[in-house]
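*Asks:* Before we start, here is the structure in question, set down as structure tokens.
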Amino acid sequence: SEYGLKMIAIGADYGDLEKNVAKVISAAREMDVKYVVCYWIPHADGPLSIEDAKKAIKVFGTAGRMLAENGITLCYHPHGFEFTAFGSGTVFDEMIKSLDPKHMSFEMDVYWVKQGGVDPLALLKKYAGRFPLVHLKDRKPGTPDSSDGHADVETNVVLGTGDVGIGPFLKEAKTLGVRHFFIEDESSRVIQQVPESVKFIRKYLR
């Protein structure tokens with residue numbers, strides 16, 4: 001409040017979404033946010049199994065409906081372990097197709113989508129309107145993909161200097177339903193890198 005800042009979203013623990021949605025609603029109201037984001041689905045280390053995904057679909061379906069009834073949008077933030085093959089698509093495809101867009105949205109982290117072996121812009125186009133929130137994080141060229149949700153934070157680089165394709169993504173993101181962008185940099189160079197990242201995105205976002 002002192003600096004004129006407004007929160008857009010807060011995180012929600014999967015366990016609370018499963019067993020204590022009232023707690024999540026109370027926290028969202030206290031912080032005056034319209035979005036609540038779950039960042040992790042409990043599972044054995046490695047790719048997400050379809051069985052764990054189906055459990056999450058039930059949890060998100062119920063919690064998302066309850067949050068929507070209170071004017072709050074529930075989002076899930078993939079971390080790359082959801083993009084393993086299932087049926088004619090991926091486990092993530094099964095998740096997004098199984099969850100009602102009236103009650104459930106998603107937050108795309110372009111780094112983690114890329115890390116999971118998927119093109120972020122292609123995914124955004126495929127599911128236009130389902131990603132109102134986006135984490136902008138670029139990846140050092142040559143970084144190997146992974147399917148376990150883990151990666152070296154030092155592979156976070158200045159936006160526009162990595163292999164994610166941030167520029168082309170930003171050119172189309174707003175027309176594809178993205179409403180809020182968040183710069184995320186977990187590297188040890190964050191203080192130096194974020195100002196450069198801000199300069200980069202100002203070329204695209206006004």
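Labels used: A, B, ... for chains in the order of the structure tokens, numbers from 1 for residues in each chain, and numbers from 1 for ligands as shown.
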Using only C-alpha atoms, find each residue of region 38-133 of chain A with at least one atom at most 7 Å away from an atom of region 159-177 of chain A; report its shortest atom-to-atom pair and that distance in Å (one decimal), sort the rows by chain and rising residue number, and return the result as a Markdown table.
*Replies:*
```
| residue | atom | partner | partner_atom | distance |
| --- | --- | --- | --- | --- |
| A:Val110 | CA | A:Val164 | CA | 6.9 |
| A:Tyr111 | CA | A:Val164 | CA | 6.5 |
| A:Lys114 | CA | A:Val164 | CA | 6.3 |
| A:Leu121 | CA | A:Phe169 | CA | 5.4 |
| A:Leu124 | CA | A:Leu176 | CA | 6.9 |
| A:Lys125 | CA | A:Leu176 | CA | 6.6 |
| A:Ala128 | CA | A:Leu176 | CA | 4.9 |
| A:Gly129 | CA | A:Gly177 | CA | 4.4 |
| A:Phe131 | CA | A:Gly177 | CA | 6.6 |
| A:Pro132 | CA | A:Gly177 | CA | 5.8 |
```
*Asks:* Would you please give, as an MDAnalysis selection string, all residues of region 3-188 of chain A that DSSP assigns to strand (DSSP E) based on the backbone?
*Replies:* chainID A and resid 9:11 35:38 73:76 85:86 89:90 104:109 133:136 138:139 156:157 180:183
*Asks:* Set the distance at 10 Å and use only C-alpha atoms: which residues neighbour Thr62 (chain A) once local chain neighbours fewer than 3 positions away are removed? I'd like the list as a list in words.
*Replies:*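 That gives Leu17, Glu18, Val21, Ala56, Ile57, Lys58, Val59, Arg65, Met66, Leu67, Leu99, His103 and Met104 of chain A.
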*Asks:* Check the smallest atom-to-atom distance from each of A:Asp119, A:Asp148, A:Leu136, A:Glu94 to His43 (chain A) using only C-alpha atoms, then report the winner.
*Replies:*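 The closest residue to His43 (chain A) is A:Asp148.
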*Asks:* Could you produce a table of the residues of region 70-176 of chain A lying within 10 Å of region 23-31 of chain A, with the nearest pair of atoms per residue and their separation in Å rounded to one decimal, using only C-alpha atoms, ordered by chain and increasing residue number, as a tab-separated table?
*Replies:*
```
residue	atom	partner	partner_atom	distance
A:Asn70	CA	A:Ile25	CA	7.6
A:Gly71	CA	A:Ile25	CA	9.6
A:Ile72	CA	A:Ala28	CA	7.8
```
*Asks:* Limited to N, CA, C and O atoms, could you put the picked residues into a file as a tab-separated table (two decimals), in the first residue's frame?
*Replies:*
```tsv
chain	number	residue	atom	x	y	z
A	70	ASN	N	-16.97	-17.45	-5.13
A	70	ASN	CA	-16.56	-16.30	-4.30
A	70	ASN	C	-15.80	-15.26	-5.11
A	70	ASN	O	-15.12	-14.40	-4.52
A	71	GLY	N	-15.91	-15.33	-6.43
A	71	GLY	CA	-15.30	-14.33	-7.29
A	71	GLY	C	-13.80	-14.45	-7.44
A	71	GLY	O	-13.12	-13.48	-7.80
A	72	ILE	N	-13.26	-15.65	-7.18
A	72	ILE	CA	-11.82	-15.89	-7.24
A	72	ILE	C	-11.53	-16.97	-8.28
A	72	ILE	O	-12.24	-17.97	-8.35
```
*Asks:* Smallest atom-to-atom distance to Val91 (chain A): which of A:His79, A:Lys54, A:Lys126, A:Lys19, using only C-alpha atoms?
*Replies:*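 Among A:His79, A:Lys54, A:Lys126, A:Lys19, it is A:Lys54 that comes nearest to Val91 (chain A).
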*Asks:* Env of Ser146 (chain A): 8 Å cut, atoms = only C-alpha atoms, seq-sep filter 4 positions within chain, self excluded. Answer as a PyMOL selection string.
*Replies:* chain A and resi 80-81+115-117+150-151
*Asks:* Store the residues picked out above, limited to C-alpha atoms, as an mmCIF file, in the first residue's frame.
*Replies:*
```cif
data_model
loop_
_atom_site.group_PDB
_atom_site.id
_atom_site.type_symbol
_atom_site.label_atom_id
_atom_site.label_comp_id
_atom_site.auth_asym_id
_atom_site.auth_seq_id
_atom_site.Cartn_x
_atom_site.Cartn_y
_atom_site.Cartn_z
ATOM 1 C CA GLY A 80 7.289 -29.372 -16.826
ATOM 2 C CA PHE A 81 6.515 -32.751 -15.288
ATOM 3 C CA GLN A 115 11.931 -27.149 -19.878
ATOM 4 C CA GLY A 116 9.250 -29.804 -20.286
ATOM 5 C CA GLY A 117 9.897 -29.968 -24.021
ATOM 6 C CA HIS A 150 13.829 -29.390 -11.367
ATOM 7 C CA ALA A 151 16.482 -27.230 -13.057
#
```
*Asks:* Nearest to Glu196 (chain A) among A:Ala22, A:Ile183, A:Ala68, A:Val158, with distances taken over only C-alpha atoms: which residue is it?
*Replies:*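 Closest to Glu196 (chain A), using only C-alpha atoms: A:Val158.
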*Asks:* Near Lys140 (chain A), counting only C-alpha atoms, which residues have an atom at most 7 Å away, once you skip same-chain residues fewer than 2 positions from it, shown as a PyMOL selection string?
*Replies:* chain A and resi 138+142-143+155-157+162-163
*Asks:* Neighbours of Lys55 (chain A) within 12 Å (only C-alpha atoms; same-chain residues fewer than 4 positions away dropped), as a CSV table (one decimal) with all heavy atoms, in the first residue's frame?
*Replies:*
```
chain,number,residue,atom,x,y,z
A,14,TYR,N,-1.6,-27.2,-2.2
A,14,TYR,CA,-2.5,-28.3,-2.7
A,14,TYR,C,-3.3,-28.9,-1.6
A,14,TYR,O,-4.5,-29.2,-1.8
A,14,TYR,CB,-1.6,-29.3,-3.4
A,14,TYR,CG,-2.4,-30.5,-4.1
A,14,TYR,CD1,-2.8,-30.4,-5.4
A,14,TYR,CD2,-2.7,-31.6,-3.3
A,14,TYR,CE1,-3.5,-31.4,-6.0
A,14,TYR,CE2,-3.4,-32.7,-3.9
A,14,TYR,CZ,-3.8,-32.6,-5.2
A,14,TYR,OH,-4.5,-33.6,-5.8
A,18,GLU,N,-7.4,-29.2,-1.2
A,18,GLU,CA,-8.0,-30.5,-1.1
A,18,GLU,C,-8.9,-30.5,0.2
A,18,GLU,O,-10.0,-31.1,0.1
A,18,GLU,CB,-7.0,-31.6,-1.0
A,18,GLU,CG,-7.5,-33.0,-0.9
A,18,GLU,CD,-6.4,-34.0,-0.9
A,18,GLU,OE1,-5.3,-33.7,-0.5
A,18,GLU,OE2,-6.7,-35.2,-1.3
A,41,ILE,N,1.8,-30.2,-7.7
A,41,ILE,CA,0.9,-31.4,-7.4
A,41,ILE,C,1.8,-32.4,-6.7
A,41,ILE,O,2.8,-32.8,-7.3
A,41,ILE,CB,0.3,-32.0,-8.7
A,41,ILE,CG1,-0.6,-31.0,-9.3
A,41,ILE,CG2,-0.4,-33.3,-8.4
A,41,ILE,CD1,-1.1,-31.4,-10.7
A,42,PRO,N,1.5,-32.9,-5.5
A,42,PRO,CA,2.3,-33.9,-4.8
A,42,PRO,C,2.3,-35.2,-5.7
A,42,PRO,O,1.3,-35.7,-6.2
A,42,PRO,CB,1.5,-34.1,-3.5
A,42,PRO,CG,0.7,-32.9,-3.3
A,42,PRO,CD,0.3,-32.4,-4.7
A,43,HIS,N,3.6,-35.7,-5.9
A,43,HIS,CA,3.8,-36.9,-6.7
A,43,HIS,C,5.2,-37.4,-6.4
A,43,HIS,O,6.0,-36.6,-6.0
A,43,HIS,CB,3.5,-36.6,-8.1
A,43,HIS,CG,4.5,-35.7,-8.8
A,43,HIS,ND1,4.6,-34.4,-8.5
A,43,HIS,CD2,5.5,-35.9,-9.7
A,43,HIS,CE1,5.5,-33.8,-9.2
A,43,HIS,NE2,6.1,-34.7,-9.9
A,48,LEU,N,4.7,-36.6,-13.9
A,48,LEU,CA,3.4,-36.8,-13.2
A,48,LEU,C,2.7,-37.9,-13.8
A,48,LEU,O,2.5,-38.0,-15.0
A,48,LEU,CB,2.6,-35.5,-13.3
A,48,LEU,CG,1.3,-35.5,-12.6
A,48,LEU,CD1,1.4,-35.4,-11.1
A,48,LEU,CD2,0.4,-34.2,-13.0
A,49,SER,N,2.2,-38.9,-13.0
A,49,SER,CA,1.5,-40.0,-13.5
A,49,SER,C,0.1,-39.6,-13.8
A,49,SER,O,-0.5,-38.6,-13.2
A,49,SER,CB,1.5,-41.2,-12.5
A,49,SER,OG,0.7,-40.8,-11.3
A,50,ILE,N,-0.6,-40.3,-14.7
A,50,ILE,CA,-2.0,-40.0,-15.0
A,50,ILE,C,-2.9,-40.2,-13.8
A,50,ILE,O,-3.9,-39.5,-13.6
A,50,ILE,CB,-2.5,-40.8,-16.2
A,50,ILE,CG1,-3.9,-40.3,-16.7
A,50,ILE,CG2,-2.5,-42.3,-15.9
A,50,ILE,CD1,-3.9,-38.8,-17.1
A,51,GLU,N,-2.5,-41.1,-12.9
A,51,GLU,CA,-3.3,-41.4,-11.7
A,51,GLU,C,-3.3,-40.2,-10.8
A,51,GLU,O,-4.3,-39.7,-10.2
A,51,GLU,CB,-2.8,-42.6,-10.9
A,51,GLU,CG,-3.0,-43.9,-11.6
A,51,GLU,CD,-2.1,-44.2,-12.8
A,51,GLU,OE1,-1.0,-43.5,-12.9
A,51,GLU,OE2,-2.4,-45.0,-13.7
A,59,VAL,N,-9.5,-32.6,-7.2
A,59,VAL,CA,-9.3,-31.5,-6.2
A,59,VAL,C,-9.5,-30.1,-6.8
A,59,VAL,O,-10.2,-29.3,-6.3
A,59,VAL,CB,-7.8,-31.6,-5.7
A,59,VAL,CG1,-7.5,-30.4,-4.8
A,59,VAL,CG2,-7.7,-32.9,-4.9
A,60,PHE,N,-8.9,-29.9,-8.0
A,60,PHE,CA,-9.0,-28.6,-8.6
A,60,PHE,C,-10.5,-28.3,-9.1
A,60,PHE,O,-10.9,-27.2,-9.0
A,60,PHE,CB,-8.1,-28.5,-9.8
A,60,PHE,CG,-6.6,-28.5,-9.5
A,60,PHE,CD1,-5.7,-29.0,-10.4
A,60,PHE,CD2,-6.2,-28.0,-8.3
A,60,PHE,CE1,-4.3,-29.0,-10.1
A,60,PHE,CE2,-4.8,-28.0,-8.0
A,60,PHE,CZ,-3.9,-28.5,-8.9
A,61,GLY,N,-11.2,-29.4,-9.5
A,61,GLY,CA,-12.5,-29.2,-10.0
A,61,GLY,C,-13.4,-28.7,-8.8
A,61,GLY,O,-14.2,-27.7,-9.0
A,62,THR,N,-13.3,-29.3,-7.7
A,62,THR,CA,-14.1,-28.9,-6.5
A,62,THR,C,-13.7,-27.6,-6.0
A,62,THR,O,-14.5,-26.7,-5.7
A,62,THR,CB,-14.0,-30.0,-5.4
A,62,THR,OG1,-14.5,-31.2,-5.9
A,62,THR,CG2,-14.9,-29.6,-4.2
A,95,MET,N,-5.4,-32.9,-18.3
A,95,MET,CA,-5.8,-32.0,-17.2
A,95,MET,C,-6.7,-30.8,-17.7
A,95,MET,O,-7.7,-30.5,-17.2
A,95,MET,CB,-4.6,-31.5,-16.5
A,95,MET,CG,-3.9,-32.5,-15.6
A,95,MET,SD,-2.4,-31.9,-14.8
A,95,MET,CE,-3.2,-30.7,-13.7
A,98,SER,N,-10.1,-31.6,-19.0
A,98,SER,CA,-11.0,-32.2,-18.0
A,98,SER,C,-11.5,-31.1,-17.0
A,98,SER,O,-12.4,-31.4,-16.2
A,98,SER,CB,-10.3,-33.3,-17.2
A,98,SER,OG,-9.9,-34.3,-18.1
```
*Asks:* State, in Å with one decimal place, the distance from CA of Leu133 (chain A) to CA of Tyr3 (chain A).
*Replies:*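 CA of Tyr3 (chain A) lies 22.5 Å from CA of Leu133 (chain A).
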*Asks:* Taking 3 positions as the minimum chain separation for residues in the same chain, which residues sit within 8 Å of Met7 (chain A) when counting only C-alpha atoms? Answer as a VMD selection string.
*Replies:* chain A and resid 10 31 to 33
*Asks:* Would you give me, as a ChimeraX atom specification, the residues in region 15-206 of chain A that DSSP reads as alpha helix (DSSP H)?
*Replies:* /A:15-19,21-31,50-68,91-98,110-115,120-126,166-173,190-201
